[in-house]
file protein_12.txt (compact mmCIF, C-alpha atoms)
# COMPACT_ATOMS: atom_id res chain seq x y z
CA MET A 15 101.11 134.77 103.79
CA ASN A 16 100.31 132.26 106.52
CA LYS A 17 102.39 129.11 106.70
CA GLY A 18 100.75 125.82 105.84
CA THR A 19 100.05 123.14 108.41
CA LEU A 20 102.32 120.13 108.67
CA MET A 21 100.16 117.15 109.61
CA VAL A 22 101.94 114.00 110.69
CA VAL A 23 99.85 110.82 110.35
CA SER A 24 100.67 107.52 112.01
CA GLY A 25 98.72 104.35 112.60
CA PHE A 26 99.10 100.64 113.09
CA SER A 27 99.88 98.56 110.06
CA GLY A 28 96.56 97.42 108.61
CA THR A 29 94.50 100.31 109.95
CA GLY A 30 93.76 101.51 106.43
CA LYS A 31 95.96 104.62 106.36
CA GLY A 32 96.62 104.24 102.64
CA THR A 33 92.95 104.07 101.67
CA VAL A 34 91.97 106.94 103.95
CA LEU A 35 94.80 109.23 102.88
CA ALA A 36 94.19 108.50 99.19
CA GLN A 37 90.65 109.84 99.64
CA VAL A 38 91.86 112.85 101.60
CA PHE A 39 94.14 113.60 98.66
CA GLN A 40 91.26 113.24 96.18
CA ARG A 41 89.17 115.72 98.17
CA ARG A 42 92.05 118.11 98.85
CA PRO A 43 94.41 117.98 95.85
CA ASP A 44 95.91 121.28 97.06
CA VAL A 45 97.49 119.43 100.01
CA TYR A 46 101.00 118.14 99.43
CA PHE A 47 101.56 114.54 100.43
CA SER A 48 105.15 114.12 101.46
CA VAL A 49 106.74 111.19 99.69
CA SER A 50 109.25 109.32 101.82
CA PHE A 51 112.54 107.92 100.68
CA THR A 52 113.11 104.25 101.36
CA THR A 53 115.58 101.50 100.68
CA ARG A 54 112.97 98.76 100.69
CA SER A 55 111.80 97.18 97.45
CA PRO A 56 108.55 98.38 95.88
CA ARG A 57 105.53 96.17 96.58
CA GLU A 58 103.34 95.26 93.67
CA GLY A 59 101.58 98.35 92.34
CA GLU A 60 103.76 100.82 94.22
CA ARG A 61 105.09 103.63 92.06
CA GLU A 62 108.31 105.61 92.33
CA GLY A 63 107.64 109.19 93.41
CA VAL A 64 104.06 108.41 94.38
CA ASP A 65 104.27 105.79 97.11
CA TYR A 66 107.95 106.28 97.87
CA HIS A 67 111.17 107.44 96.38
CA PHE A 68 112.92 104.09 96.15
CA ILE A 69 116.68 104.54 96.47
CA THR A 70 119.65 102.37 97.28
CA ARG A 71 121.11 101.98 100.72
CA GLN A 72 124.21 103.87 99.57
CA ALA A 73 122.21 106.78 98.16
CA PHE A 74 120.20 106.93 101.38
CA GLU A 75 123.31 107.04 103.53
CA GLU A 76 124.75 109.85 101.40
CA ARG A 77 121.60 111.87 102.04
CA ILE A 78 121.94 111.21 105.76
CA GLN A 79 125.49 112.57 105.58
CA ARG A 80 124.29 115.71 103.82
CA GLY A 81 121.66 116.31 106.56
CA GLU A 82 118.80 116.16 104.06
CA PHE A 83 116.36 114.30 106.27
CA LEU A 84 113.87 115.79 108.71
CA GLU A 85 113.91 112.31 110.19
CA TYR A 86 114.92 108.88 109.14
CA ALA A 87 114.76 105.47 110.73
CA GLU A 88 115.59 101.88 110.10
CA TYR A 89 112.57 99.64 110.30
CA VAL A 90 112.67 95.88 109.70
CA GLY A 91 116.04 96.21 108.01
CA ASN A 92 115.18 99.13 105.70
CA TYR A 93 115.68 102.88 105.88
CA TYR A 94 112.76 105.29 105.65
CA GLY A 95 113.30 109.05 105.58
CA THR A 96 111.58 112.40 105.03
CA SER A 97 113.11 115.34 103.13
CA LEU A 98 113.21 118.44 105.32
CA LYS A 99 113.84 120.81 102.43
CA VAL A 100 110.79 119.88 100.38
CA ILE A 101 108.48 120.20 103.38
CA GLN A 102 109.84 123.58 104.41
CA GLU A 103 109.36 124.94 100.90
CA LYS A 104 105.73 123.83 100.73
CA LEU A 105 104.85 125.19 104.18
CA ALA A 106 106.45 128.55 103.37
CA GLN A 107 104.19 128.74 100.28
CA GLY A 108 101.14 128.32 102.55
CA ILE A 109 100.59 124.75 101.40
CA ASP A 110 99.41 122.16 103.92
CA VAL A 111 101.60 119.07 104.03
CA ILE A 112 100.60 115.57 105.13
CA LEU A 113 103.34 113.24 106.18
CA GLU A 114 102.54 109.57 106.76
CA ILE A 115 105.15 108.25 109.10
CA GLU A 116 105.68 105.59 111.75
CA ILE A 117 105.83 106.36 115.44
CA GLN A 118 109.52 106.93 116.02
CA GLY A 119 109.68 109.17 112.96
CA ALA A 120 106.71 111.16 114.20
CA ALA A 121 108.43 111.69 117.55
CA LYS A 122 111.47 113.09 115.78
CA VAL A 123 109.34 115.41 113.62
CA ARG A 124 107.52 116.72 116.71
CA GLU A 125 110.90 117.38 118.30
CA ARG A 126 112.31 119.27 115.31
CA MET A 127 109.09 120.97 114.21
CA PRO A 128 106.94 121.53 117.32
CA GLU A 129 104.36 123.39 115.20
CA ALA A 130 103.52 120.11 113.46
CA VAL A 131 100.09 118.65 114.15
CA SER A 132 100.04 114.91 114.73
CA LEU A 133 97.25 112.47 114.13
CA PHE A 134 96.96 108.81 115.01
CA LEU A 135 94.60 106.66 112.97
CA VAL A 136 93.26 103.67 114.89
CA PRO A 137 91.02 100.77 113.98
CA PRO A 138 87.77 100.45 115.94
CA SER A 139 89.31 97.53 117.86
CA PHE A 140 92.16 95.02 117.78
CA GLU A 141 89.70 92.34 116.65
CA GLU A 142 88.85 94.49 113.65
CA LEU A 143 92.53 95.14 112.98
CA SER A 144 93.20 91.40 112.98
CA ARG A 145 90.28 90.88 110.62
CA ARG A 146 91.58 93.58 108.23
CA LEU A 147 95.12 92.18 108.22
CA HIS A 148 93.79 88.72 107.38
CA LYS A 149 91.49 90.12 104.70
CA ARG A 150 94.34 92.04 103.05
CA GLY A 151 95.89 88.65 102.38
CA THR A 152 99.41 90.00 101.84
CA ASP A 153 101.01 88.64 105.02
CA SER A 154 101.60 85.22 106.51
CA GLU A 155 99.94 84.37 109.82
CA GLU A 156 103.28 84.84 111.55
CA VAL A 157 103.74 88.34 110.10
CA ILE A 158 100.14 89.21 111.05
CA GLN A 159 100.79 88.15 114.64
CA GLN A 160 103.96 90.28 114.65
CA ARG A 161 102.01 93.27 113.32
CA LEU A 162 99.36 92.83 116.00
CA ALA A 163 102.01 92.60 118.73
CA THR A 164 103.66 95.74 117.35
CA ALA A 165 100.30 97.51 117.31
CA ARG A 166 99.70 96.68 120.98
CA ARG A 167 103.11 98.13 121.80
CA GLU A 168 102.58 101.18 119.60
CA ALA A 169 99.19 101.91 121.17
CA LYS A 170 101.04 103.27 124.20
CA GLU A 171 102.35 106.12 122.02
CA MET A 172 98.88 107.38 121.11
CA VAL A 173 98.99 109.80 124.05
CA ASN A 174 101.71 111.76 122.25
CA TYR A 175 99.49 112.63 119.29
CA ASP A 176 97.29 115.73 119.04
CA TYR A 177 94.39 113.96 117.35
CA ILE A 178 93.04 110.41 117.40
CA VAL A 179 90.89 109.43 114.43
CA VAL A 180 89.05 106.10 114.44
CA ASN A 181 88.87 104.46 111.04
CA ASP A 182 85.42 103.06 111.57
CA THR A 183 84.29 103.80 108.04
CA VAL A 184 86.61 105.36 105.46
CA GLU A 185 84.11 108.16 104.77
CA GLN A 186 83.94 109.18 108.44
CA ALA A 187 87.71 109.01 108.95
CA VAL A 188 88.30 111.07 105.79
CA GLY A 189 85.70 113.62 106.95
CA GLU A 190 87.41 113.98 110.32
CA ILE A 191 90.85 114.46 108.79
CA LEU A 192 89.49 117.08 106.36
CA ALA A 193 87.81 118.84 109.31
CA ILE A 194 91.07 118.86 111.26
CA LEU A 195 92.88 120.46 108.29
CA VAL A 196 90.23 123.19 108.10
CA ALA A 197 90.22 123.74 111.87
CA GLU A 198 93.99 123.98 112.01
CA SER A 199 93.97 126.62 109.28
CA CYS A 200 91.67 128.67 111.57
CA ARG A 201 94.02 128.46 114.56
CA ARG A 202 95.07 131.81 115.92
CA GLU A 203 98.74 130.93 115.41
CA ARG A 204 98.07 130.50 111.69
CA ARG A 205 96.06 133.70 111.38
CA ARG A 206 98.76 136.05 112.51
CA ASP A 207 98.60 138.17 109.35
CA LEU A 208 94.85 138.50 109.77
CA ILE A 209 95.16 139.59 113.40
CA GLU A 210 97.86 142.08 112.50
CA GLY A 211 95.85 143.30 109.54
CA VAL A 212 92.72 143.91 111.61
CA ASN A 213 94.64 145.58 114.41
CA GLY A 214 96.69 147.67 112.03
CA LEU A 215 93.65 149.29 110.49
CA MET B 16 82.03 108.45 127.76
CA ASN B 17 84.08 111.37 126.49
CA LYS B 18 83.23 114.86 127.63
CA GLY B 19 81.73 117.29 125.13
CA THR B 20 83.54 120.39 123.92
CA LEU B 21 82.66 123.80 125.32
CA MET B 22 83.03 126.33 122.50
CA VAL B 23 82.96 129.99 123.43
CA VAL B 24 82.09 132.31 120.53
CA SER B 25 82.69 136.06 120.50
CA GLY B 26 82.74 138.64 117.76
CA PHE B 27 82.21 142.30 117.06
CA SER B 28 78.67 143.58 116.97
CA GLY B 29 77.51 143.38 113.36
CA THR B 30 79.81 140.53 112.35
CA GLY B 31 76.85 138.23 111.78
CA LYS B 32 77.25 135.90 114.78
CA GLY B 33 73.50 135.36 115.06
CA THR B 34 73.06 134.31 111.43
CA VAL B 35 76.12 132.07 111.46
CA LEU B 36 75.27 130.36 114.76
CA ALA B 37 71.65 129.80 113.72
CA GLN B 38 72.94 127.81 110.73
CA VAL B 39 75.44 125.91 112.87
CA PHE B 40 72.51 124.91 115.08
CA GLN B 41 70.46 123.83 112.05
CA ARG B 42 73.29 121.61 110.84
CA ARG B 43 74.16 120.30 114.31
CA PRO B 44 70.94 120.10 116.35
CA ASP B 45 72.76 117.77 118.74
CA VAL B 46 74.86 120.71 119.96
CA TYR B 47 73.50 122.53 122.99
CA PHE B 48 73.37 126.31 122.67
CA SER B 49 73.78 127.73 126.13
CA VAL B 50 70.84 129.92 127.15
CA SER B 51 71.70 132.76 129.53
CA PHE B 52 69.77 133.68 132.64
CA THR B 53 68.64 137.27 132.98
CA THR B 54 66.59 139.44 135.30
CA ARG B 55 65.43 141.75 132.54
CA SER B 56 61.90 141.48 131.16
CA PRO B 57 61.30 139.57 127.95
CA ARG B 58 61.08 141.76 124.84
CA GLU B 59 58.36 141.10 122.35
CA GLY B 60 58.85 137.78 120.64
CA GLU B 61 61.46 136.53 123.11
CA ARG B 62 60.71 133.10 124.51
CA GLU B 63 61.58 131.63 127.90
CA GLY B 64 64.25 128.94 127.59
CA VAL B 65 65.04 129.88 123.99
CA ASP B 66 66.28 133.46 124.08
CA TYR B 67 66.87 133.59 127.82
CA HIS B 68 65.80 132.06 131.08
CA PHE B 69 63.91 134.98 132.62
CA ILE B 70 64.13 134.90 136.41
CA THR B 71 63.64 137.35 139.25
CA ARG B 72 66.41 139.34 140.82
CA GLN B 73 66.01 137.35 144.02
CA ALA B 74 66.24 134.02 142.21
CA PHE B 75 69.31 135.27 140.34
CA GLU B 76 71.04 136.34 143.55
CA GLU B 77 70.30 132.98 145.16
CA ARG B 78 71.99 131.31 142.22
CA ILE B 79 74.98 133.60 142.65
CA GLN B 80 75.14 132.57 146.33
CA ARG B 81 75.05 128.89 145.39
CA GLY B 82 77.90 129.45 142.92
CA GLU B 83 75.76 128.30 140.02
CA PHE B 84 77.13 130.77 137.49
CA LEU B 85 80.14 130.20 135.30
CA GLU B 86 80.11 133.96 134.80
CA TYR B 87 77.62 136.77 135.33
CA ALA B 88 77.56 140.52 134.92
CA GLU B 89 75.24 143.42 135.56
CA TYR B 90 74.36 145.64 132.58
CA VAL B 91 72.09 148.63 132.76
CA GLY B 92 70.59 147.43 136.03
CA ASN B 93 69.97 143.83 134.98
CA TYR B 94 71.86 140.64 135.65
CA TYR B 95 72.97 138.31 132.86
CA GLY B 96 74.63 135.01 133.65
CA THR B 97 75.67 131.62 132.32
CA SER B 98 74.79 128.54 134.36
CA LEU B 99 77.85 126.47 135.15
CA LYS B 100 75.67 123.58 136.29
CA VAL B 101 73.74 123.23 133.04
CA ILE B 102 76.93 123.39 130.97
CA GLN B 103 78.72 120.84 133.15
CA GLU B 104 75.78 118.45 132.89
CA LYS B 105 75.71 118.67 129.10
CA LEU B 106 79.48 118.26 128.76
CA ALA B 107 79.43 115.26 131.09
CA GLN B 108 76.81 113.67 128.83
CA GLY B 109 79.22 114.06 125.91
CA ILE B 110 77.23 116.92 124.40
CA ASP B 111 79.07 119.81 122.75
CA VAL B 112 78.05 123.22 124.07
CA ILE B 113 78.27 126.56 122.25
CA LEU B 114 78.25 129.69 124.36
CA GLU B 115 77.92 133.05 122.60
CA ILE B 116 79.41 135.60 124.92
CA GLU B 117 81.13 138.98 124.85
CA ILE B 118 84.83 139.38 125.42
CA GLN B 119 85.00 139.94 129.17
CA GLY B 120 82.65 136.99 129.75
CA ALA B 121 84.80 134.82 127.49
CA ALA B 122 87.89 135.75 129.51
CA LYS B 123 86.15 134.60 132.72
CA VAL B 124 85.09 131.32 131.10
CA ARG B 125 88.64 130.63 129.90
CA GLU B 126 89.88 131.27 133.43
CA ARG B 127 87.42 128.91 135.10
CA MET B 128 87.29 126.27 132.37
CA PRO B 129 90.68 126.21 130.65
CA GLU B 130 89.52 123.23 128.57
CA ALA B 131 87.07 125.53 126.78
CA VAL B 132 87.78 126.25 123.12
CA SER B 133 87.36 129.87 122.10
CA LEU B 134 86.53 131.24 118.71
CA PHE B 135 86.47 134.81 117.47
CA LEU B 136 84.30 135.59 114.45
CA VAL B 137 85.58 138.55 112.45
CA PRO B 138 84.33 140.39 109.39
CA PRO B 139 86.63 140.35 106.35
CA SER B 140 87.55 144.00 107.11
CA PHE B 141 86.43 147.04 109.08
CA GLU B 142 85.10 148.56 105.86
CA GLU B 143 82.87 145.52 105.43
CA LEU B 144 81.81 145.70 109.09
CA SER B 145 80.82 149.35 108.61
CA ARG B 146 78.89 148.40 105.48
CA ARG B 147 77.03 145.61 107.31
CA LEU B 148 76.14 147.82 110.27
CA HIS B 149 74.71 150.45 107.90
CA LYS B 150 72.85 147.82 105.89
CA ARG B 151 71.28 146.35 109.03
CA GLY B 152 69.59 149.71 109.46
CA THR B 153 68.83 149.28 113.16
CA ASP B 154 71.32 151.80 114.53
CA SER B 155 71.84 155.54 114.17
CA GLU B 156 75.09 156.79 112.63
CA GLU B 157 76.32 157.68 116.11
CA VAL B 158 75.68 154.18 117.45
CA ILE B 159 77.36 152.66 114.38
CA GLN B 160 80.46 154.79 114.99
CA GLN B 161 80.45 153.66 118.63
CA ARG B 162 80.20 150.03 117.57
CA LEU B 163 83.10 150.45 115.13
CA ALA B 164 85.22 152.11 117.83
CA THR B 165 84.40 149.26 120.22
CA ALA B 166 85.32 146.72 117.52
CA ARG B 167 88.72 148.36 117.01
CA ARG B 168 89.33 148.14 120.76
CA GLU B 169 88.06 144.55 120.97
CA ALA B 170 90.26 143.46 118.04
CA LYS B 171 93.21 143.55 120.44
CA GLU B 172 91.66 140.62 122.34
CA MET B 173 91.66 138.32 119.30
CA VAL B 174 95.06 136.98 120.31
CA ASN B 175 93.46 135.33 123.35
CA TYR B 176 91.19 133.14 121.24
CA ASP B 177 92.08 129.66 119.98
CA TYR B 178 90.44 130.08 116.59
CA ILE B 179 89.76 133.02 114.31
CA VAL B 180 86.98 132.52 111.78
CA VAL B 181 86.41 135.13 109.08
CA ASN B 182 82.75 135.61 108.21
CA ASP B 183 83.38 136.16 104.53
CA THR B 184 80.35 134.21 103.45
CA VAL B 185 77.95 132.62 105.94
CA GLU B 186 78.38 129.22 104.28
CA GLN B 187 82.16 129.28 104.64
CA ALA B 188 82.08 130.54 108.25
CA VAL B 189 79.51 127.88 109.19
CA GLY B 190 81.65 125.22 107.49
CA GLU B 191 84.72 126.28 109.43
CA ILE B 192 82.90 126.27 112.77
CA LEU B 193 81.47 122.80 112.04
CA ALA B 194 84.97 121.61 111.12
CA ILE B 195 86.37 122.97 114.38
CA LEU B 196 83.69 121.10 116.36
CA VAL B 197 84.59 117.86 114.57
CA ALA B 198 88.33 118.43 114.97
CA GLU B 199 87.99 119.21 118.67
CA SER B 200 86.06 115.97 119.21
CA CYS B 201 89.09 114.15 117.76
CA ARG B 202 91.56 115.80 120.15
CA ARG B 203 93.56 113.35 122.20
CA GLU B 204 92.32 114.93 125.44
CA ARG B 205 88.75 114.08 124.42
CA ARG B 206 89.56 110.52 123.38
CA ARG B 207 90.86 109.33 126.70
CA ASP B 208 88.42 106.41 126.92
CA LEU B 209 89.44 105.29 123.46
CA ILE B 210 93.13 105.41 124.34
CA GLU B 211 92.52 103.51 127.55
CA GLY B 212 90.28 101.04 125.76
CA VAL B 213 92.84 100.26 123.09
CA ASN B 214 95.65 100.01 125.60
CA GLY B 215 93.60 97.86 127.98
CA LEU B 216 93.03 95.17 125.37

call {"tool": "encode", "arguments": {"input": "protein_12.txt", "output": "structure tokens"}}
result
Amino acid sequence: MNKGTLMVVSGFSGTGKGTVLAQVFQRRPDVYFSVSFTTRSPREGEREGVDYHFITRQAFEERIQRGEFLEYAEYVGNYYGTSLKVIQEKLAQGIDVILEIEIQGAAKVRERMPEAVSLFLVPPSFEELSRRLHKRGTDSEEVIQQRLATARREAKEMVNYDYIVVNDTVEQAVGEILAILVAESCRRERRRDLIEGVNGL
Amino acid sequence: MNKGTLMVVSGFSGTGKGTVLAQVFQRRPDVYFSVSFTTRSPREGEREGVDYHFITRQAFEERIQRGEFLEYAEYVGNYYGTSLKVIQEKLAQGIDVILEIEIQGAAKVRERMPEAVSLFLVPPSFEELSRRLHKRGTDSEEVIQQRLATARREAKEMVNYDYIVVNDTVEQAVGEILAILVAESCRRERRRDLIEGVNGL
């Protein structure tokens, strides 16, 4: 049995990660989407166990103590964390796992699981990102400006990712992510049983 | 402008490389299929510039002198070679290049162009390979046994390739190769202008 691929996905706020990944999931329901734990409050429409596992600050800190997180971080006053155990189980079963995570978290995952594949989703331009953030209509102008400033800072980290996908149209971005999942499953490192099988004959 | 991907494809004789690559070309006519130079005479039905570039021994040796070959070899008294110049031109124009080449040639390409991506196409099993070679009906039993022995030897080289694609069905193998081409175009190394563009803004 070959291990699944762990794909770590990051991107600026407002790039459209949610929309793109929802379609990837529709097209590849066999892929497990890691659900993060967080202490922040659910936004409208967000569901427990689907968007996040929403837990209290105390419960989160207990999990930290027990070493249950592959990574965790505090971001704008709230904790976000990823369960190491769940991911390891899925990968061992040959299931691909997608983990949507911000940049510092991704760096920690790369450090602890160097076999992870990382992908950065970018908007076609900062002008387009600004347009999308305004269109979303969920943030004040001040918050939008903060998000844009953060994005410009975060752009410097793109060089640490294996793949860069431009979210020009959702369809094209989804197609590229699906292609990367297929390509990664063909990597020599993930075909060890095949190589051994052929050579053993 | 981002450079194209050079994809080197090898596989055992009888795996179905020709059929698979013909369909890749149909689906991706924008990809350049490298045409080898040779000093042997055209066989019936072979066309200049499609099957090979047919040139004289003198012209071939002049090209060797000018260092124009990425790799070349002499087989049964004839030269066969891959033009470095043509490939570099295509890659510089952002065009992906596929180069079908046997194992020793692939090793030379990897050495001289480490950025090349290499892919090994394998049959689902040696039993299936034997069945396909018999079905093809072009070789005597002795030649088939030689080809199978060569395949068993060549299988040891699979570990040097980046990707292993199983030719289970043509459609699936073609799909995987197309996915690898897309995925490779998303690799950070090939998105340098994008990264610089975003960071320069």

call {"tool": "calpha_fit_rmsd", "arguments": {"input": "protein_12.txt", "fixed": "chain B", "moving": "chain A"}}
result
1.5 Å

call {"tool": "residues_around", "arguments": {"input": "protein_12.txt", "residues": "Ser24 of chain A", "least_positions_apart": "4", "cutoff": "8 Å", "atoms": "all atoms listed in the file", "output": "PyMOL selection string"}}
result
chain A and resi 31+114-117+120+132-135

call {"tool": "closest_residue", "arguments": {"input": "protein_12.txt", "among": "A:Tyr86, A:Asp153, A:Asp182, A:Gln159", "to": "Ala121 of chain A", "atoms": "only C-alpha atoms"}}
result
A:Tyr86

call {"tool": "residues_near_point", "arguments": {"input": "protein_12.txt", "point": "(85.9, 124.4, 124.3)", "cutoff": "7 Å", "atoms": "all atoms listed in the file", "output": "JSON list (two decimals) with C-alpha atoms, in the frame of the given file"}}
result
[["chain", "number", "residue", "atom", "x", "y", "z"],
["B", 20, "THR", "CA", 83.54, 120.39, 123.92],
["B", 21, "LEU", "CA", 82.66, 123.80, 125.32],
["B", 22, "MET", "CA", 83.03, 126.33, 122.50],
["B", 23, "VAL", "CA", 82.96, 129.99, 123.43],
["B", 130, "GLU", "CA", 89.52, 123.23, 128.57],
["B", 131, "ALA", "CA", 87.07, 125.53, 126.78],
["B", 132, "VAL", "CA", 87.78, 126.25, 123.12],
["B", 133, "SER", "CA", 87.36, 129.87, 122.10]]

call {"tool": "closest_residue", "arguments": {"input": "protein_12.txt", "among": "B:Thr153, B:Tyr67, B:Arg146, B:Pro139", "to": "Thr184 of chain B", "atoms": "all atoms listed in the file"}}
result
B:Pro139

call {"tool": "residues_around", "arguments": {"input": "protein_12.txt", "residues": "Thr97 of chain B", "least_positions_apart": "5", "cutoff": "7 Å", "atoms": "only C-alpha atoms", "output": "CSV table (one decimal) with C-alpha atoms, in the frame of the given file"}}
result
chain,number,residue,atom,x,y,z
B,51,SER,CA,71.7,132.8,129.5
B,52,PHE,CA,69.8,133.7,132.6
B,84,PHE,CA,77.1,130.8,137.5
B,85,LEU,CA,80.1,130.2,135.3
B,86,GLU,CA,80.1,134.0,134.8
B,87,TYR,CA,77.6,136.8,135.3

call {"tool": "interface_residues", "arguments": {"input": "protein_12.txt", "of": "chain A", "to": "chain B", "cutoff": "9 Å", "atoms": "only C-alpha atoms", "output": "ChimeraX atom specification"}}
result
/A:133,136,138-140,166-167,169-170,172-180,189-203,205-206,208-209,211-213,215

call {"tool": "residues_around", "arguments": {"input": "protein_12.txt", "residues": "segment 72-82 of chain B", "least_positions_apart": "4", "cutoff": "10 Å", "atoms": "only C-alpha atoms", "output": "mmCIF file with C-alpha atoms, in the coordinates of the input"}}
result
data_model
loop_
_atom_site.group_PDB
_atom_site.id
_atom_site.type_symbol
_atom_site.label_atom_id
_atom_site.label_comp_id
_atom_site.auth_asym_id
_atom_site.auth_seq_id
_atom_site.Cartn_x
_atom_site.Cartn_y
_atom_site.Cartn_z
ATOM 1 C CA PHE B 52 69.770 133.680 132.640
ATOM 2 C CA THR B 53 68.640 137.270 132.980
ATOM 3 C CA THR B 54 66.590 139.440 135.300
ATOM 4 C CA ARG B 55 65.430 141.750 132.540
ATOM 5 C CA GLU B 86 80.110 133.960 134.800
ATOM 6 C CA TYR B 87 77.620 136.770 135.330
ATOM 7 C CA ASN B 93 69.970 143.830 134.980
ATOM 8 C CA TYR B 94 71.860 140.640 135.650
ATOM 9 C CA TYR B 95 72.970 138.310 132.860
ATOM 10 C CA GLY B 96 74.630 135.010 133.650
ATOM 11 C CA SER B 98 74.790 128.540 134.360
ATOM 12 C CA LEU B 99 77.850 126.470 135.150
ATOM 13 C CA LYS B 100 75.670 123.580 136.290
#

call {"tool": "axis_aligned_box", "arguments": {"input": "protein_12.txt", "around": "segment 40-46 of chain B", "padding_each_side": "3 Å", "output": "JSON"}}
result
{"center_x": 72.7, "center_y": 121.3, "center_z": 115.4, "size_x": 10.4, "size_y": 13.1, "size_z": 15.1}

call {"tool": "atom_distance", "arguments": {"input": "protein_12.txt", "atom1": "atom CA of Glu143 of chain B", "atom2": "atom CA of Thr34 of chain B"}}
result
16.1 Å

call {"tool": "atom_distance", "arguments": {"input": "protein_12.txt", "atom1": "atom CA of Val24 of chain B", "atom2": "atom CA of Leu114 of chain B"}}
result
6.0 Å

call {"tool": "residues_around", "arguments": {"input": "protein_12.txt", "residues": "Arg150 of chain A", "least_positions_apart": "5", "cutoff": "12 Å", "atoms": "all atoms listed in the file", "output": "PDB file with C-alpha atoms, in the coordinates of the input"}}
result
ATOM      1  CA  SER A  27      99.880  98.560 110.060  1.00  0.00           C
ATOM      2  CA  GLY A  28      96.560  97.420 108.610  1.00  0.00           C
ATOM      3  CA  THR A  29      94.500 100.310 109.950  1.00  0.00           C
ATOM      4  CA  GLY A  30      93.760 101.510 106.430  1.00  0.00           C
ATOM      5  CA  LEU A 143      92.530  95.140 112.980  1.00  0.00           C
ATOM      6  CA  SER A 144      93.200  91.400 112.980  1.00  0.00           C
ATOM      7  CA  ARG A 145      90.280  90.880 110.620  1.00  0.00           C
ATOM      8  CA  GLU A 155      99.940  84.370 109.820  1.00  0.00           C
ATOM      9  CA  ILE A 158     100.140  89.210 111.050  1.00  0.00           C
TER      10      ILE A 158
END

call {"tool": "closest_residue", "arguments": {"input": "protein_12.txt", "among": "B:Pro44, B:Gly33, B:Gly109, B:Gly26", "to": "Thr165 of chain B", "atoms": "all atoms listed in the file"}}
result
B:Gly26
